[in-house]
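Okay, start32.csv is below, CSV, C-alpha atoms:
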chain,number,residue,atom,x,y,z
A,1,MET,CA,-46.8,-31.5,-39.7
A,2,THR,CA,-50.2,-32.0,-38.0
A,3,THR,CA,-48.3,-32.1,-34.7
A,4,LEU,CA,-46.9,-28.7,-35.6
A,5,ALA,CA,-50.4,-27.4,-36.4
A,6,ILE,CA,-51.8,-28.6,-33.1
A,7,CYS,CA,-48.9,-27.0,-31.3
A,8,GLY,CA,-49.6,-23.7,-33.0
A,9,PHE,CA,-53.3,-23.8,-32.0
A,10,VAL,CA,-52.3,-24.7,-28.4
A,11,ILE,CA,-49.9,-21.8,-28.3
A,12,ALA,CA,-52.6,-19.5,-29.5
A,13,GLY,CA,-54.9,-20.9,-26.8
A,14,LEU,CA,-52.3,-20.3,-24.2
A,15,CYS,CA,-51.9,-16.7,-25.3
A,16,GLY,CA,-55.7,-16.4,-24.9
A,17,ALA,CA,-55.6,-18.0,-21.5
A,18,TRP,CA,-52.9,-15.6,-20.4
A,19,ARG,CA,-55.0,-12.6,-21.5
A,20,LEU,CA,-58.0,-14.2,-19.8
A,21,LEU,CA,-56.2,-14.3,-16.5
A,22,ALA,CA,-54.3,-11.1,-16.7
A,23,GLY,CA,-56.4,-8.8,-19.0
A,24,PRO,CA,-56.7,-5.4,-17.4
A,25,SER,CA,-60.4,-5.0,-18.2
A,26,LEU,CA,-63.4,-7.3,-18.3
A,27,PRO,CA,-64.0,-7.0,-22.2
A,28,ASP,CA,-60.4,-8.2,-22.6
A,29,ARG,CA,-61.1,-11.3,-20.7
A,30,VAL,CA,-64.3,-11.9,-22.8
A,31,ILE,CA,-62.4,-11.6,-26.1
A,32,ALA,CA,-59.6,-13.8,-24.7
A,33,LEU,CA,-62.2,-16.4,-23.9
A,34,ASP,CA,-63.3,-16.2,-27.5
A,35,VAL,CA,-59.8,-16.7,-28.8
A,36,THR,CA,-59.3,-19.6,-26.5
A,37,LEU,CA,-62.4,-21.3,-27.8
A,38,ILE,CA,-61.5,-20.7,-31.4
A,39,SER,CA,-58.1,-22.2,-30.8
A,40,LEU,CA,-59.7,-25.2,-29.3
A,41,MET,CA,-62.0,-25.5,-32.3
A,42,GLY,CA,-58.9,-25.3,-34.6
A,43,ALA,CA,-57.2,-28.0,-32.6
A,44,ILE,CA,-60.2,-30.2,-32.8
A,45,THR,CA,-60.3,-29.7,-36.5
A,46,VAL,CA,-56.6,-30.6,-37.0
A,47,ASP,CA,-57.0,-33.6,-34.7
A,48,ALA,CA,-60.0,-34.9,-36.7
A,49,ALA,CA,-58.0,-34.6,-39.9
A,50,ARG,CA,-55.0,-36.3,-38.3
A,51,ARG,CA,-57.0,-39.4,-37.1
A,52,ASP,CA,-59.4,-39.4,-40.1
A,53,ASP,CA,-62.3,-39.4,-37.6
A,54,THR,CA,-65.3,-37.1,-37.9
A,55,THR,CA,-66.8,-38.0,-34.5
A,56,ASN,CA,-65.7,-34.9,-32.7
A,57,LEU,CA,-66.6,-32.4,-35.4
A,58,ILE,CA,-70.1,-31.7,-34.2
A,59,MET,CA,-68.5,-30.1,-31.2
A,60,LEU,CA,-67.4,-27.2,-33.4
A,61,VAL,CA,-70.9,-25.9,-33.9
A,62,VAL,CA,-71.6,-26.3,-30.2
A,63,LEU,CA,-68.5,-24.4,-29.2
A,64,SER,CA,-69.1,-21.7,-31.7
A,65,ILE,CA,-72.7,-21.0,-30.4
A,66,ILE,CA,-71.5,-21.2,-26.7
A,67,GLY,CA,-68.9,-18.6,-27.5
A,68,PHE,CA,-71.4,-16.3,-29.1
A,69,THR,CA,-73.8,-16.6,-26.2
A,70,ALA,CA,-71.1,-15.9,-23.7
A,71,THR,CA,-69.8,-12.9,-25.6
A,72,VAL,CA,-73.2,-11.3,-26.1
A,73,SER,CA,-74.4,-11.9,-22.6
A,74,ALA,CA,-71.2,-10.6,-21.1
A,75,SER,CA,-71.1,-7.5,-23.2
A,76,LEU,CA,-74.7,-6.6,-22.5
A,77,PHE,CA,-74.0,-7.1,-18.8
A,78,LEU,CA,-71.0,-4.8,-19.1
A,79,GLU,CA,-73.1,-2.0,-20.7
A,80,ARG,CA,-75.9,-2.2,-18.2
A,81,GLY,CA,-73.8,-2.8,-15.1
A,82,LEU,CA,-71.3,-0.1,-15.7
A,83,ALA,CA,-73.4,2.6,-17.5
A,84,GLY,CA,-76.7,3.1,-15.7
A,85,GLY,CA,-77.2,0.9,-12.7
A,86,GLY,CA,-79.9,-1.7,-12.9
A,87,PRO,CA,-81.6,-3.1,-15.9
A,88,SER,CA,-83.1,-0.5,-18.2
A,89,THR,CA,-85.3,-0.7,-21.2
A,90,ALA,CA,-84.2,2.7,-22.5
A,91,MET,CA,-80.5,2.0,-22.5
A,92,GLU,CA,-79.7,4.7,-25.0
A,93,THR,CA,-81.0,7.5,-22.9
A,94,VAL,CA,-79.5,6.1,-19.7
A,95,VAL,CA,-76.1,6.0,-21.4
A,96,ALA,CA,-76.5,9.4,-22.9
A,97,GLU,CA,-77.5,11.1,-19.6
A,98,THR,CA,-75.3,9.3,-17.1
A,99,PRO,CA,-71.7,10.3,-16.7
A,100,PRO,CA,-69.4,7.3,-16.9
A,101,VAL,CA,-68.6,5.4,-13.8
A,102,GLU,CA,-65.7,6.7,-11.8
A,103,GLY,CA,-63.5,3.7,-12.0
A,104,ALA,CA,-64.2,3.1,-15.7
A,105,ALA,CA,-63.5,6.7,-16.7
A,106,SER,CA,-60.5,7.5,-14.6
A,107,ARG,CA,-58.6,4.5,-15.8
A,108,PRO,CA,-56.6,5.3,-18.9
A,109,LEU,CA,-57.5,3.2,-21.9
A,110,ASP,CA,-54.0,2.1,-22.6
A,111,SER,CA,-53.0,1.1,-19.1
A,112,ASP,CA,-51.6,-2.3,-19.7
A,113,ASP,CA,-50.4,-2.9,-16.2
A,114,GLY,CA,-50.3,-6.7,-16.4
A,115,GLY,CA,-53.5,-7.2,-14.5
A,116,THR,CA,-52.5,-5.8,-11.1
A,117,ASN,CA,-55.9,-4.0,-10.7
A,118,ARG,CA,-57.9,-7.2,-10.7
B,119,MET,CA,-52.0,-37.6,-45.5
B,120,ASN,CA,-52.5,-35.1,-48.2
B,121,SER,CA,-49.6,-32.6,-48.2
B,122,VAL,CA,-51.8,-29.7,-49.3
B,123,ALA,CA,-54.1,-30.4,-46.3
B,124,GLU,CA,-51.1,-30.4,-44.0
B,125,VAL,CA,-49.7,-27.2,-45.3
B,126,LEU,CA,-53.1,-25.5,-45.0
B,127,MET,CA,-53.5,-26.6,-41.4
B,128,VAL,CA,-50.0,-25.4,-40.5
B,129,ILE,CA,-50.7,-22.0,-42.1
B,130,GLY,CA,-53.9,-21.8,-40.1
B,131,ALA,CA,-52.0,-22.6,-36.9
B,132,LEU,CA,-49.5,-19.9,-37.7
B,133,VAL,CA,-52.3,-17.3,-38.2
B,134,ALA,CA,-53.7,-18.4,-34.9
B,135,VAL,CA,-50.4,-17.8,-33.2
B,136,VAL,CA,-50.3,-14.4,-34.8
B,137,ALA,CA,-53.7,-13.7,-33.3
B,138,GLY,CA,-52.6,-14.8,-29.9
B,139,ILE,CA,-49.5,-12.6,-30.1
B,140,GLY,CA,-51.6,-9.7,-31.1
B,141,LEU,CA,-53.9,-10.3,-28.2
B,142,LEU,CA,-51.0,-10.3,-25.8
B,143,ARG,CA,-48.9,-7.5,-27.2
B,144,PHE,CA,-51.3,-4.7,-28.3
B,145,SER,CA,-51.8,-1.9,-25.9
B,146,THR,CA,-55.5,-0.8,-26.2
B,147,PRO,CA,-58.6,-2.9,-26.0
B,148,TYR,CA,-59.7,-1.8,-29.5
B,149,ALA,CA,-56.4,-3.0,-31.0
B,150,ARG,CA,-56.7,-6.3,-29.1
B,151,PHE,CA,-60.2,-6.8,-30.4
B,152,HIS,CA,-59.0,-6.3,-33.9
B,153,ALA,CA,-56.3,-8.9,-33.6
B,154,ALA,CA,-58.6,-11.4,-31.9
B,155,GLY,CA,-61.8,-10.8,-33.9
B,156,LYS,CA,-60.2,-10.9,-37.4
B,157,ALA,CA,-57.2,-13.2,-37.3
B,158,SER,CA,-58.6,-16.1,-35.2
B,159,PRO,CA,-61.7,-16.8,-37.5
B,160,VAL,CA,-59.4,-16.6,-40.5
B,161,ALA,CA,-57.1,-19.1,-38.8
B,162,TYR,CA,-60.0,-21.4,-38.2
B,163,PHE,CA,-61.2,-21.1,-41.8
B,164,ILE,CA,-57.8,-22.0,-43.3
B,165,ALA,CA,-57.4,-25.0,-41.0
B,166,ALA,CA,-61.0,-26.1,-41.8
B,167,ILE,CA,-60.2,-25.9,-45.5
B,168,GLY,CA,-57.2,-28.1,-45.0
B,169,ALA,CA,-59.1,-30.6,-42.8
B,170,GLY,CA,-61.9,-30.7,-45.3
B,171,ILE,CA,-59.5,-31.7,-48.1
B,172,GLN,CA,-58.4,-34.5,-45.9
B,173,LEU,CA,-61.8,-35.6,-44.5
B,174,GLY,CA,-63.9,-35.7,-47.6
B,175,VAL,CA,-67.6,-34.7,-48.0
B,176,ALA,CA,-69.0,-36.0,-44.6
B,177,GLY,CA,-66.4,-34.2,-42.5
B,178,SER,CA,-66.5,-31.1,-44.7
B,179,ALA,CA,-70.2,-30.7,-44.0
B,180,TYR,CA,-69.5,-30.4,-40.2
B,181,LEU,CA,-66.6,-28.1,-40.8
B,182,LEU,CA,-68.7,-25.9,-43.1
B,183,LEU,CA,-71.5,-25.8,-40.5
B,184,GLY,CA,-69.0,-24.7,-37.8
B,185,ALA,CA,-67.4,-22.1,-40.2
B,186,VAL,CA,-70.8,-20.7,-41.1
B,187,ALA,CA,-71.9,-20.5,-37.4
B,188,MET,CA,-68.6,-18.7,-36.6
B,189,ALA,CA,-68.8,-16.3,-39.5
B,190,LEU,CA,-72.4,-15.4,-38.6
B,191,THR,CA,-71.9,-15.0,-34.8
B,192,LEU,CA,-68.4,-13.8,-34.1
B,193,PRO,CA,-68.6,-10.4,-35.8
B,194,VAL,CA,-71.8,-9.6,-33.9
B,195,GLY,CA,-70.2,-10.6,-30.5
B,196,VAL,CA,-67.0,-8.6,-31.2
B,197,HIS,CA,-69.1,-5.6,-32.3
B,198,LEU,CA,-71.1,-5.7,-29.0
B,199,LEU,CA,-67.8,-5.9,-27.1
B,200,PHE,CA,-66.5,-2.9,-29.0
B,201,ARG,CA,-69.7,-1.0,-28.1
B,202,SER,CA,-69.5,-1.9,-24.5
B,203,VAL,CA,-65.9,-0.7,-24.3
B,204,HIS,CA,-66.8,2.5,-26.1
B,205,ARG,CA,-69.7,3.2,-23.7
B,206,THR,CA,-67.8,2.5,-20.5
B,207,THR,CA,-64.4,4.1,-21.1
B,208,SER,CA,-63.2,7.5,-22.3
B,209,SER,CA,-63.0,7.8,-26.0
B,210,ASP,CA,-61.1,11.1,-26.2
B,211,HIS,CA,-58.2,9.5,-28.0
B,212,LEU,CA,-60.2,8.4,-31.0
B,213,VAL,CA,-59.7,10.2,-34.3
B,214,VAL,CA,-62.9,9.0,-35.9
B,215,ASP,CA,-65.8,8.2,-33.6
B,216,GLU,CA,-68.9,7.2,-35.4
B,217,LEU,CA,-70.6,5.6,-32.3
B,218,THR,CA,-71.1,8.9,-30.5
B,219,GLY,CA,-74.1,9.9,-32.5

Before anything else, please render the file you have as structure tokens.
Amino acid sequence: MTTLAICGFVIAGLCGAWRLLAGPSLPDRVIALDVTLISLMGAITVDAARRDDTTNLIMLVVLSIIGFTATVSASLFLERGLAGGGPSTAMETVVAETPPVEGAASRPLDSDDGGTNR
Amino acid sequence: MNSVAEVLMVIGALVAVVAGIGLLRFSTPYARFHAAGKASPVAYFIAAIGAGIQLGVAGSAYLLLGAVAMALTLPVGVHLLFRSVHRTTSSDHLVVDELTG
């Protein structure tokens, strides 16, 4: 049973890794990294219960905070890098006054092309 | 091993598989974020409850710490990703758009 649970988390992590490699846009890759990390956390949890060993469980907190830091920094980078050009303290006005970047706007939102435009 | 703990961990793994399938199969970034940002923490919470039944108080403290850290941070990160997608792509197809002030 625990083997089945670990296999499920591994399959979820592989789905996340596939989206991480193939995802059409950069935010897709970031959220795929999050899903991969959470699947790793679940696998660590099930493994600890299987071996009755709590040594590895402190890694859960570390992985969670690393994932949060990665997501926040990547999304702030996305907003600044694609919206205005250069770091800006008044991001709201920059975003409101600048038309969207050509590549970002011309690409349809639902173009799931399997990652050929990497 | 406790059978309740095993069943809970398998249920959590199944929810994680559902999250992965949603991440792979949905067509727009918003739908993918919904699948990834809601189903995967629920999967972890269910598996952590199962493992906590098995591991006792000392292990449950770590698991609870990880679950609290995830519950506090993951919605914030996913919301920031949503906002970055909303600001960098066209949002003409949205029916309700509360971010465009």

task = Up to 7 Å from chain B, what residues of chain A turn up? Count all atoms listed in the file and give them as a PyMOL selection string.
result = chain A and resi 1-2+4-5+8-9+11-12+15-16+19+27-28+31+35+38+42+45-46+49+52+54+57-58+60-61+64+68+71-72+75+78-79+82-83+100+104-105+109-110+112

task = Report the distance between atom CA of Ala70 of chain A and atom CA of Asp47 of chain A in Å, rounded to one decimal place.
result =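 Going from atom CA of Ala70 of chain A over to atom CA of Asp47 of chain A covers 25.2 Å.
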
inquiry  = For Leu33 of chain A, find every residue with an atom within 8 Å (counting all atoms listed in the file), except residues of its own chain fewer than 4 positions away, and show them as a list in words.
reply    = Gly16, Ala17, Leu20, Arg29, Leu37 and Gly67 of chain A

task = Please indicate the distance in Å from atom CA of Thr69 of chain A to atom CA of Ala149 of chain B, rounded to one decimal place.
result =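 These two atoms are separated by 22.6 Å.
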
Hey, can I get the axis-aligned box for segment 199-217 of chain B? All listed atoms, 5 Å padding on each side, centre and edge lengths in Å to one decimal, as AutoDock Vina command-line options.
--center_x -64.4 --center_y 2.6 --center_z -28.2 --size_x 22.4 --size_y 27.0 --size_z 25.4

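What separates atom CA of Ala48 of chain A from atom CA of Val175 of chain B is a distance of 13.6 Å.
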